[in-house]
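Data file: my_file26.txt. Format and content: compact mmCIF, C-alpha atoms.
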```
# COMPACT_ATOMS: atom_id res chain seq x y z
CA MET J 1 72.99 147.10 168.36
CA HIS J 2 73.68 150.40 166.61
CA GLU J 3 72.58 148.67 163.41
CA ALA J 4 69.06 150.01 164.02
CA ALA J 5 70.34 153.58 163.80
CA ILE J 6 72.55 152.66 160.85
CA ALA J 7 69.60 151.12 159.00
CA LYS J 8 67.54 154.26 159.67
CA GLY J 9 70.35 156.43 158.30
CA ILE J 10 70.59 154.34 155.15
CA LEU J 11 66.84 154.44 154.60
CA ASP J 12 66.68 158.22 155.11
CA ALA J 13 69.50 158.67 152.58
CA VAL J 14 67.95 156.54 149.86
CA LEU J 15 64.41 157.86 150.29
CA ALA J 16 65.77 161.42 150.03
CA ALA J 17 67.62 160.54 146.83
CA ALA J 18 64.90 158.38 145.23
CA PRO J 19 63.20 159.79 142.13
CA SER J 20 59.45 159.82 141.65
CA GLY J 21 57.87 158.28 138.58
CA ALA J 22 54.88 159.57 136.66
CA THR J 23 52.62 157.34 138.69
CA GLY J 24 54.22 157.98 142.06
CA GLU J 25 57.28 156.71 143.90
CA ARG J 26 59.49 154.15 142.20
CA ARG J 27 60.39 150.97 143.94
CA ILE J 28 63.92 150.67 145.29
CA VAL J 29 65.20 147.16 144.65
CA ARG J 30 68.79 147.27 145.83
CA VAL J 31 70.96 149.52 148.04
CA SER J 32 74.76 149.38 148.18
CA VAL J 33 76.49 150.47 151.39
CA ALA J 34 80.21 150.68 152.15
CA ALA J 35 81.43 150.22 155.73
CA GLY J 36 84.98 150.32 157.01
CA ALA J 37 86.36 147.38 158.95
CA LEU J 38 86.28 149.42 162.18
CA ALA J 39 82.69 150.62 161.79
CA GLY J 40 81.49 147.65 163.82
CA ILE J 41 78.61 146.73 161.52
CA VAL J 42 77.15 143.24 161.77
CA GLY J 43 75.63 142.48 158.35
CA GLU J 44 73.05 139.95 159.55
CA SER J 45 71.84 142.31 162.24
CA LEU J 46 71.66 145.18 159.76
CA ASP J 47 69.56 143.03 157.41
CA VAL J 48 67.01 142.36 160.15
CA PHE J 49 66.53 146.05 160.95
CA TRP J 50 66.56 146.93 157.25
CA GLY J 51 63.72 144.55 156.46
CA GLU J 52 61.61 145.89 159.30
CA LEU J 53 62.27 149.58 158.69
CA CYS J 54 61.57 149.36 154.95
CA ARG J 55 58.03 148.05 155.38
CA GLY J 56 55.52 150.42 153.84
CA THR J 57 58.20 152.47 152.08
CA ALA J 58 59.52 152.55 148.50
CA ALA J 59 62.37 150.33 149.71
CA GLU J 60 60.15 147.49 150.98
CA GLY J 61 61.58 144.16 149.88
CA SER J 62 64.85 145.70 148.72
CA ARG J 63 68.18 143.96 149.09
CA LEU J 64 70.93 145.62 151.13
CA CYS J 65 74.43 144.93 149.81
CA LEU J 66 77.17 145.66 152.34
CA THR J 67 80.77 146.02 151.18
CA VAL J 68 83.35 145.99 153.96
CA LEU J 69 86.37 148.19 153.28
CA PRO J 70 89.50 146.95 155.04
CA ALA J 71 91.63 149.03 157.38
CA ILE J 72 95.38 148.83 156.77
CA LEU J 73 98.15 147.87 159.20
CA VAL J 74 101.22 149.87 158.20
CA CYS J 75 104.66 149.15 159.64
CA ARG J 76 106.32 152.33 160.94
CA SER J 77 109.74 150.84 160.22
CA CYS J 78 109.62 149.17 156.82
CA GLY J 79 106.29 150.45 155.49
CA ASN J 80 104.89 146.94 154.98
CA ARG J 81 101.11 147.12 154.47
CA ARG J 82 98.59 144.46 155.39
CA GLU J 83 94.81 144.45 155.17
CA HIS J 84 92.92 144.38 158.44
CA ARG J 85 89.39 142.99 158.25
CA PRO J 86 86.65 142.60 160.89
CA GLY J 87 87.51 139.90 163.39
CA MET J 88 91.26 140.10 162.80
CA THR J 89 93.67 140.90 165.62
CA VAL J 90 95.44 144.24 165.56
CA GLU J 91 98.99 142.89 165.40
CA LEU J 92 101.41 145.17 167.20
CA GLU J 93 104.49 143.95 165.36
CA CYS J 94 105.06 143.89 161.60
CA ALA J 95 104.99 140.38 160.17
CA SER J 96 107.87 141.30 157.89
CA CYS J 97 110.42 143.10 160.09
CA GLY J 98 109.00 143.10 163.63
CA GLY J 99 108.66 146.89 163.71
CA PRO J 100 105.67 148.63 165.32
CA ASN J 101 102.45 148.71 163.31
CA ARG J 102 100.00 151.55 162.92
CA LEU J 103 96.35 150.95 161.97
CA GLU J 104 94.95 153.30 159.32
CA GLY J 105 91.49 153.82 157.80
CA GLY J 106 88.50 151.55 158.27
CA ARG J 107 86.07 154.22 159.51
CA GLU J 108 84.09 154.73 156.29
CA LEU J 109 80.30 154.42 156.40
CA TYR J 110 78.29 155.66 153.44
CA VAL J 111 75.54 154.77 150.99
CA GLU J 112 77.18 154.13 147.65
CA SER J 113 74.22 153.76 145.29
CA MET J 114 70.75 152.36 144.84
CA GLU J 115 68.91 150.64 142.05
CA VAL J 116 65.31 151.59 141.31
CA GLU J 117 62.76 150.21 138.90
CA ASP J 118 62.39 152.05 135.61
CA ALA J 119 59.63 154.65 135.65
CA ASP J 120 57.60 153.19 132.81
CA SER J 121 58.18 149.45 132.91
CA GLY J 122 58.29 148.86 136.63
CA GLN J 123 61.31 146.68 135.87
CA LYS J 124 64.88 147.21 137.03
CA SER J 125 67.11 148.18 134.10
CA ARG J 126 70.52 146.85 135.17
CA SER J 127 72.49 145.64 138.09
CA GLY J 128 74.35 147.85 140.56
CA PRO J 129 77.90 147.26 141.77
CA GLN J 130 78.71 143.97 143.44
CA MET Q 1 68.18 152.50 136.96
CA LEU Q 2 71.31 152.85 139.08
CA ILE Q 3 71.46 156.04 141.10
CA PRO Q 4 74.62 157.17 142.88
CA VAL Q 5 73.93 158.32 146.45
CA ARG Q 6 77.38 158.80 148.06
CA LYS Q 7 76.00 160.05 151.34
CA ALA Q 8 77.29 159.42 154.85
CA VAL Q 9 74.95 157.03 156.65
CA LEU Q 10 75.06 159.11 159.82
CA ALA Q 11 74.80 162.47 158.03
CA HIS Q 12 71.70 163.39 160.03
CA ASN Q 13 73.41 162.80 163.38
CA ASP Q 14 76.52 164.63 162.16
CA ALA Q 15 74.41 167.67 161.27
CA GLU Q 16 72.70 167.58 164.66
CA ALA Q 17 76.09 167.28 166.36
CA ALA Q 18 77.28 170.37 164.50
CA GLU Q 19 74.22 172.21 165.87
CA ASN Q 20 75.13 171.01 169.36
CA ALA Q 21 78.66 172.32 168.96
CA LYS Q 22 77.26 175.76 168.05
CA LEU Q 23 74.92 175.67 171.04
CA PHE Q 24 77.73 174.70 173.44
CA GLU Q 25 79.93 177.44 171.99
CA SER Q 26 77.20 180.04 172.41
CA ARG Q 27 76.85 179.07 176.07
CA ARG Q 28 80.63 178.94 176.55
CA VAL Q 29 80.43 175.38 177.80
CA ARG Q 30 83.15 172.89 176.89
CA VAL Q 31 82.05 169.32 176.54
CA VAL Q 32 83.77 166.03 177.30
CA ASN Q 33 82.29 162.80 175.87
CA VAL Q 34 83.27 160.06 178.33
CA MET Q 35 83.26 156.59 176.77
CA ALA Q 36 84.18 153.22 178.24
CA SER Q 37 82.91 149.72 178.88
CA PRO Q 38 80.41 149.11 181.71
CA GLY Q 39 82.22 149.21 185.03
CA ALA Q 40 85.38 150.91 183.81
CA GLY Q 41 84.73 153.79 186.20
CA LYS Q 42 83.10 156.52 184.11
CA THR Q 43 80.99 157.90 186.96
CA SER Q 44 83.80 157.55 189.49
CA LEU Q 45 86.18 159.44 187.23
CA ILE Q 46 83.68 162.23 186.56
CA LEU Q 47 83.10 162.62 190.31
CA ALA Q 48 86.86 162.61 190.99
CA LEU Q 49 87.49 165.22 188.28
CA ALA Q 50 84.63 167.37 189.55
CA LYS Q 51 86.18 167.41 193.03
CA ARG Q 52 89.50 168.63 191.68
CA LEU Q 53 88.37 171.19 189.12
CA PRO Q 54 89.65 174.70 189.82
CA VAL Q 55 87.34 177.11 191.61
CA GLY Q 56 85.07 178.86 189.15
CA LEU Q 57 84.89 176.01 186.66
CA GLN Q 58 81.49 174.43 187.23
CA PRO Q 59 81.04 170.75 186.39
CA LEU Q 60 77.82 169.63 184.72
CA VAL Q 61 76.86 166.08 183.84
CA ILE Q 62 74.58 164.34 181.36
CA GLU Q 63 74.23 160.70 182.34
CA GLY Q 64 73.50 158.10 179.70
CA ASP Q 65 72.24 154.69 180.71
CA VAL Q 66 70.06 152.05 179.11
CA ALA Q 67 68.01 152.06 182.30
CA SER Q 68 68.07 153.34 185.90
CA SER Q 69 69.06 156.61 187.55
CA ILE Q 70 71.72 155.09 189.81
CA ASP Q 71 74.59 157.17 188.44
CA THR Q 72 72.53 160.35 188.35
CA GLU Q 73 71.73 159.94 192.02
CA LYS Q 74 75.46 159.67 192.79
CA VAL Q 75 76.24 162.80 190.79
CA ALA Q 76 73.34 164.76 192.25
CA ALA Q 77 74.42 163.74 195.76
CA ALA Q 78 77.75 165.44 195.03
CA GLY Q 79 75.87 168.68 194.32
CA ILE Q 80 76.52 168.63 190.58
CA PRO Q 81 73.79 169.66 188.10
CA VAL Q 82 72.86 166.49 186.22
CA PHE Q 83 70.29 165.20 183.75
CA GLN Q 84 69.61 161.53 183.02
CA ILE Q 85 69.04 160.04 179.58
CA ASN Q 86 67.60 156.53 179.54
CA THR Q 87 67.89 155.01 176.08
CA ASP Q 88 65.57 152.05 176.72
CA GLY Q 89 67.87 149.62 174.95
CA ASP Q 90 69.86 151.82 172.58
CA CYS Q 91 73.57 151.21 172.98
CA HIS Q 92 74.78 154.77 172.45
CA LEU Q 93 73.80 158.41 172.90
CA ASP Q 94 73.07 160.49 169.84
CA ALA Q 95 73.25 164.21 169.17
CA VAL Q 96 69.52 164.90 169.46
CA SER Q 97 69.15 163.18 172.83
CA VAL Q 98 72.13 165.12 174.16
CA ARG Q 99 70.71 168.46 173.01
CA LYS Q 100 67.40 167.75 174.73
CA ALA Q 101 69.26 166.79 177.91
CA PHE Q 102 71.43 169.91 177.76
CA GLU Q 103 68.38 172.12 177.44
CA ALA Q 104 66.84 170.35 180.44
CA LEU Q 105 69.85 170.93 182.69
CA PRO Q 106 69.43 173.40 185.54
CA ALA Q 107 71.02 176.83 184.97
CA VAL Q 108 74.18 176.45 182.92
CA PRO Q 109 76.99 178.69 184.22
CA GLU Q 110 79.34 180.80 182.12
CA GLN Q 111 82.37 178.71 182.99
CA GLY Q 112 80.97 175.23 182.58
CA LEU Q 113 82.63 171.92 181.83
CA LEU Q 114 80.01 169.40 180.75
CA PHE Q 115 80.75 165.71 181.06
CA ILE Q 116 78.57 163.42 178.97
CA GLU Q 117 78.71 159.89 180.35
CA ASN Q 118 77.99 157.74 177.32
CA ILE Q 119 76.44 154.26 177.46
CA GLY Q 120 78.85 151.62 178.73
CA ASN Q 121 79.98 150.13 175.42
CA LEU Q 122 83.25 150.12 173.47
CA ILE Q 123 81.68 149.75 170.02
CA CYS Q 124 78.60 151.82 169.24
CA PRO Q 125 79.39 155.21 170.87
CA ALA Q 126 82.39 155.51 168.54
CA GLU Q 127 80.08 156.10 165.59
CA PHE Q 128 77.94 158.92 166.98
CA ASP Q 129 79.30 162.46 167.24
CA LEU Q 130 77.61 164.44 170.01
CA GLY Q 131 79.15 167.84 169.24
CA GLU Q 132 81.73 167.40 171.98
CA ASP Q 133 85.09 169.15 172.23
CA ILE Q 134 87.00 166.30 173.84
CA ARG Q 135 86.60 162.54 173.52
CA LEU Q 136 87.83 160.79 176.65
CA VAL Q 137 88.09 157.00 176.54
CA ILE Q 138 88.63 155.04 179.75
CA ALA Q 139 90.10 151.59 180.06
CA SER Q 140 90.55 150.02 183.47
CA VAL Q 141 93.25 147.68 184.72
CA PRO Q 142 90.94 144.73 185.54
CA GLU Q 143 89.67 144.68 181.94
CA GLY Q 144 93.10 143.63 180.70
CA ASP Q 145 95.73 145.26 178.52
CA ASP Q 146 94.25 144.05 175.22
CA LYS Q 147 91.29 146.44 174.95
CA PRO Q 148 92.84 148.87 172.42
CA ARG Q 149 93.54 145.91 170.12
CA LYS Q 150 90.06 144.44 170.52
CA TYR Q 151 88.17 147.71 170.16
CA PRO Q 152 90.46 149.80 167.97
CA ALA Q 153 87.83 152.23 166.64
CA ILE Q 154 87.02 153.85 169.96
CA PHE Q 155 90.66 154.14 171.03
CA ALA Q 156 91.55 155.57 167.62
CA LEU Q 157 89.20 158.52 168.01
CA ALA Q 158 90.16 159.41 171.60
CA ASP Q 159 91.68 162.79 172.39
CA ALA Q 160 92.85 161.38 175.72
CA ILE Q 161 92.89 157.91 177.22
CA VAL Q 162 92.53 157.19 180.91
CA LEU Q 163 93.85 154.00 182.44
CA ASN Q 164 91.69 153.72 185.53
CA LYS Q 165 91.87 151.56 188.67
CA THR Q 166 95.66 151.58 188.74
CA ASP Q 167 95.39 150.77 192.45
CA LEU Q 168 94.44 147.23 191.37
CA ALA Q 169 97.56 146.72 189.25
CA GLY Q 170 99.20 144.47 191.83
CA HIS Q 171 96.18 142.17 192.01
CA VAL Q 172 95.49 141.34 188.36
CA GLU Q 173 97.50 140.52 185.24
CA PHE Q 174 98.08 143.73 183.33
CA ASP Q 175 101.02 144.50 181.05
CA ARG Q 176 101.24 148.32 181.02
CA PRO Q 177 103.78 148.58 178.14
CA ARG Q 178 101.64 146.20 176.07
CA PHE Q 179 98.58 148.36 176.76
CA GLU Q 180 100.43 151.46 175.60
CA ALA Q 181 101.73 149.67 172.51
CA GLY Q 182 98.13 148.74 171.70
CA VAL Q 183 97.04 152.36 172.07
CA ARG Q 184 99.89 153.59 169.89
CA ALA Q 185 99.05 151.08 167.17
CA VAL Q 186 95.74 152.87 166.68
CA ASN Q 187 96.30 156.38 168.08
CA ASP Q 188 99.54 158.38 167.84
CA ARG Q 189 98.43 161.53 169.57
CA ALA Q 190 96.24 160.86 172.63
CA PRO Q 191 98.00 161.23 175.99
CA ILE Q 192 97.47 158.36 178.44
CA PHE Q 193 96.67 159.23 182.05
CA ASP Q 194 97.13 156.59 184.74
CA VAL Q 195 94.49 157.24 187.36
CA SER Q 196 92.95 155.84 190.52
CA CYS Q 197 89.69 157.33 191.73
CA ARG Q 198 90.12 155.86 195.20
CA GLY Q 199 92.04 157.20 198.21
CA ALA Q 200 94.37 160.01 197.23
CA MET Q 201 93.04 159.88 193.64
CA ALA Q 202 96.44 159.38 192.05
CA GLY Q 203 96.79 160.92 188.62
CA VAL Q 204 93.50 162.82 188.70
CA ASP Q 205 95.16 166.23 189.05
CA ALA Q 206 97.27 165.65 185.94
CA LEU Q 207 94.11 164.94 183.95
CA VAL Q 208 92.40 168.00 185.42
CA ASP Q 209 95.37 170.16 184.38
CA TRP Q 210 95.16 168.76 180.84
CA LEU Q 211 91.41 169.39 180.65
CA VAL Q 212 91.83 172.97 181.89
CA VAL Q 213 94.51 173.67 179.28
CA LYS Q 214 92.36 172.12 176.56
CA ARG Q 215 89.40 174.17 177.72
CA GLU Q 216 91.34 177.44 177.77
CA THR Q 217 92.78 176.69 174.34
CA ALA Q 218 89.34 176.10 172.89
CA CYS Q 219 87.60 178.83 174.86
CA PRO Q 220 89.97 181.79 175.47
CA GLN Q 221 88.97 184.23 178.18
```
Encoded form using C-alpha cells:
Amino acid sequence: MHEAAIAKGILDAVLAAAPSGATGERRIVRVSVAAGALAGIVGESLDVFWGELCRGTAAEGSRLCLTVLPAILVCRSCGNRREHRPGMTVELECASCGGPNRLEGGRELYVESMEVEDADSGQKSRSGPQ
Amino acid sequence: MLIPVRKAVLAHNDAEAAENAKLFESRRVRVVNVMASPGAGKTSLILALAKRLPVGLQPLVIEGDVASSIDTEKVAAAGIPVFQINTDGDCHLDAVSVRKAFEALPAVPEQGLLFIENIGNLICPAEFDLGEDIRLVIASVPEGDDKPRKYPAIFALADAIVLNKTDLAGHVEFDRPRFEAGVRAVNDRAPIFDVSCRGAMAGVDALVDWLVVKRETACPQ
C-alpha cells in the first residue's frame, strides 16, 4: 500500500520539473519511472493511485510507464550472475556451481523522464523511452 | 517534448529524514528504527531492551500503528516516555510523522535512546528513511526460516537482525542455519542476535551491549 506515497512522490517530481507554456501549464502526457526489483512496487496499484492523484493537475490523464530493474544474484564462488525479478525466489545456492549466492542491487526508485505537449501546438512531439 | 527528470521518487521524504537526523543529533538522542511483521515481537523486544539498558541511558519510544493505542499503553505502563502515531491505513511511518511525534514526546533527556516501532509490515517500511541511526529488523521463530528470502529488501538494509521467540524453537519447524544463509544472501554485515523476551530474556543483554557500543561510537561522550 505504499504505492500511494510513491505516486505522490512521482507527481511532486514531475510537477516541479514541468515547464510552463505561454498560455499556462503544459499537459503532461507520459511519465517514465524506474523501480528496482526489491522496491516492492505493484504496477496496477500504482496506476490506481496515479489516476486519482493526477486529477485537476497538469498530469491528469497521463500514462505512467514503470520499468522494473532487476536485482542480480551473484555467486560468491564462481561469480555466476543471474537476474532476479519480482516474484522470483532468492536462491541460496548458485545454479552453476552450488556456491552461496549474494543478492545485489534492485533498490532503485526514480523518475526517469516525462513527455509534455508542445507549447504552441498542444500536441506531443515524440515518444519517450519504452 | 521529452524532459529528463532523473529524480528520486522519495526525495522529499529523504530530505525530511536528513532534517530529522540533524534534530536527533542536536538533542544527542540516538534512534533505532524497529521493523518487523505484525506479531514478531517489536513491542516486547523494546520493553525487554528498556529493562536492561544501563543506568543513565533513558529509553524513549515512538509507537507506530495503523490504529489503536494498545502498544503505547504497554510502554507507558513500564514508565517509558512514549508517543503514539496512528497512520489510519498507511502501511509505514514517514519522516514527517516521526518528527512531529518526537517533538510531542515528554522531556527528552541528554542520554536518550529512542526506539521507533514501525508499522508491522516487511515491505513498505523498507522504503522510508526516518533519519534513524540504526535499523533493527526482527524475525521470529514461528514465522519460519524463509523470511529473509521472501522479503529481501528489508533484511538487506538492516544494521542488525534479531531472531525473536527462540524459546519456541522446539515447538515449530525452524531451520536456524537456513535462516542465517537467507540473511547472508542479502546482507553480509548485520549481526544476528538470537533472543527471547520471556523468562530470563535470553540474548537480550548481548543486543543491549551492541546497541550501547553503536551509540557510543556514533555519539562520543
(request) Mind giving me the straight-line distance from CA of Val141 (chain Q) to CA of Gly39 (chain Q) in Å, one decimal? (result)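 Computing the Euclidean distance for CA of Val141 (chain Q) and CA of Gly39 (chain Q) yields 11.1 Å.
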Contacts of region 125-130 of chain Q within 10 Å, all atoms listed in the file, excl. fewer than 5 positions in-chain, as an mmCIF file with C-alpha atoms, in the frame of the given file:
```
data_model
loop_
_atom_site.group_PDB
_atom_site.id
_atom_site.type_symbol
_atom_site.label_atom_id
_atom_site.label_comp_id
_atom_site.auth_asym_id
_atom_site.auth_seq_id
_atom_site.Cartn_x
_atom_site.Cartn_y
_atom_site.Cartn_z
ATOM 1 C CA HIS J 2 73.680 150.400 166.610
ATOM 2 C CA ALA J 5 70.340 153.580 163.800
ATOM 3 C CA ILE J 6 72.550 152.660 160.850
ATOM 4 C CA LEU J 38 86.280 149.420 162.180
ATOM 5 C CA ALA J 39 82.690 150.620 161.790
ATOM 6 C CA GLY J 40 81.490 147.650 163.820
ATOM 7 C CA ARG J 107 86.070 154.220 159.510
ATOM 8 C CA LEU J 109 80.300 154.420 156.400
ATOM 9 C CA LEU Q 10 75.060 159.110 159.820
ATOM 10 C CA ASN Q 13 73.410 162.800 163.380
ATOM 11 C CA ASP Q 14 76.520 164.630 162.160
ATOM 12 C CA ALA Q 15 74.410 167.670 161.270
ATOM 13 C CA GLU Q 16 72.700 167.580 164.660
ATOM 14 C CA ALA Q 17 76.090 167.280 166.360
ATOM 15 C CA ALA Q 18 77.280 170.370 164.500
ATOM 16 C CA GLU Q 19 74.220 172.210 165.870
ATOM 17 C CA ASN Q 20 75.130 171.010 169.360
ATOM 18 C CA ALA Q 21 78.660 172.320 168.960
ATOM 19 C CA VAL Q 31 82.050 169.320 176.540
ATOM 20 C CA VAL Q 32 83.770 166.030 177.300
ATOM 21 C CA ASN Q 33 82.290 162.800 175.870
ATOM 22 C CA VAL Q 34 83.270 160.060 178.330
ATOM 23 C CA MET Q 35 83.260 156.590 176.770
ATOM 24 C CA ALA Q 36 84.180 153.220 178.240
ATOM 25 C CA CYS Q 91 73.570 151.210 172.980
ATOM 26 C CA HIS Q 92 74.780 154.770 172.450
ATOM 27 C CA LEU Q 93 73.800 158.410 172.900
ATOM 28 C CA ASP Q 94 73.070 160.490 169.840
ATOM 29 C CA ALA Q 95 73.250 164.210 169.170
ATOM 30 C CA VAL Q 96 69.520 164.900 169.460
ATOM 31 C CA SER Q 97 69.150 163.180 172.830
ATOM 32 C CA VAL Q 98 72.130 165.120 174.160
ATOM 33 C CA ARG Q 99 70.710 168.460 173.010
ATOM 34 C CA ILE Q 116 78.570 163.420 178.970
ATOM 35 C CA ASN Q 118 77.990 157.740 177.320
ATOM 36 C CA ILE Q 119 76.440 154.260 177.460
ATOM 37 C CA GLY Q 120 78.850 151.620 178.730
ATOM 38 C CA ARG Q 135 86.600 162.540 173.520
ATOM 39 C CA VAL Q 137 88.090 157.000 176.540
ATOM 40 C CA TYR Q 151 88.170 147.710 170.160
ATOM 41 C CA PRO Q 152 90.460 149.800 167.970
ATOM 42 C CA ALA Q 153 87.830 152.230 166.640
ATOM 43 C CA ILE Q 154 87.020 153.850 169.960
ATOM 44 C CA PHE Q 155 90.660 154.140 171.030
ATOM 45 C CA ALA Q 156 91.550 155.570 167.620
ATOM 46 C CA LEU Q 157 89.200 158.520 168.010
ATOM 47 C CA ALA Q 158 90.160 159.410 171.600
#
```
(message) Just to confirm, what's the straight-line distance from CA of Trp50 (chain J) to CA of Asn121 (chain Q) in Å (one decimal)?
(response) 22.8 Å
(request) Kindly indicate which residue among J:Ile72, J:Leu64, J:Ala7, J:Ala16 lies nearest to Glu115 (chain J), using all atoms listed in the file for the distances. (result)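 When distances to Glu115 (chain J) are compared using all atoms listed in the file, the smallest one comes from J:Leu64.
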(message) Restricting the calculation to all atoms listed in the file: of Q:Asp133, Q:Met1, Q:Gln58, Q:Val162, which residue gets closest to Pro19 (chain J)?
(response) Q:Met1
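With all atoms listed in the file taken into account, chain J has Met1, His2, Ile6, Gly9, Ile10, Ala13, Ala17, Leu38, Gly40, Thr89, Val90, Leu92, Asn101, Arg102, Leu103, Leu109, Tyr110, Val111, Glu112, Ser113, Met114, Glu115, Val116, Glu117, Asp118, Lys124, Ser125, Arg126 and Gly128 of chain J at most 7 Å from chain Q.
Nearest-residue note for Gly41 (chain Q): choosing from Q:Pro142, Q:Pro59, Q:Gly131, Q:Pro106, the minimum distance belongs to Q:Pro142, counting only C-alpha atoms.
The space separating CA of Leu53 (chain Q) from CA of Gly144 (chain Q) comes to 29.2 Å.
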(message) So, with only C-alpha atoms as the atoms that count, which of Q:Arg27, Q:Lys51, Q:Lys147, Q:Arg198 lies closest to Ile80 (chain Q)?
(response) Q:Lys51
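Look at Val42 (chain J): the protein and nucleic acid residues within 8 Å of it, using all atoms listed in the file and passing over chain neighbours fewer than 3 places away, are Glu3, Ser45 and Leu46 of chain J.
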(message) Give me, as a VMD selection string, all polymer residues having an atom no more than 8 Å from Ala48 (chain Q), counting all atoms listed in the file and skipping those fewer than 5 positions away in the same chain.
(response) chain Q and resid 197 201 204
Output the selection as a PDB file, in the frame of the given file - C-alpha atoms for each residue.
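This went into part-v4.pdb:
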```pdb
ATOM      1  CA  CYS Q 197      89.690 157.330 191.730  1.00  0.00           C
ATOM      2  CA  MET Q 201      93.040 159.880 193.640  1.00  0.00           C
ATOM      3  CA  VAL Q 204      93.500 162.820 188.700  1.00  0.00           C
TER       4      VAL Q 204
END
```
(message) Applying 12 Å and only C-alpha atoms, which residues near Pro109 (chain Q) remain after dropping the ones on its own chain fewer than 5 positions away? List them as a ChimeraX atom specification.
(response) /Q:24,26-30,56-60,80-81,114
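Considering only C-alpha atoms, the residue among Q:Ile138, Q:Ala160, Q:Val212, Q:Ala104 positioned nearest to Ser196 (chain Q) is Q:Ile138.
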(message) With only C-alpha atoms as the counted atoms, please give the residues lying no more than 9 Å from Asn80 (chain J), apart from itself and same-chain residues fewer than 3 positions off, as a ChimeraX atom specification.
(response) /J:73-77,94-97,101
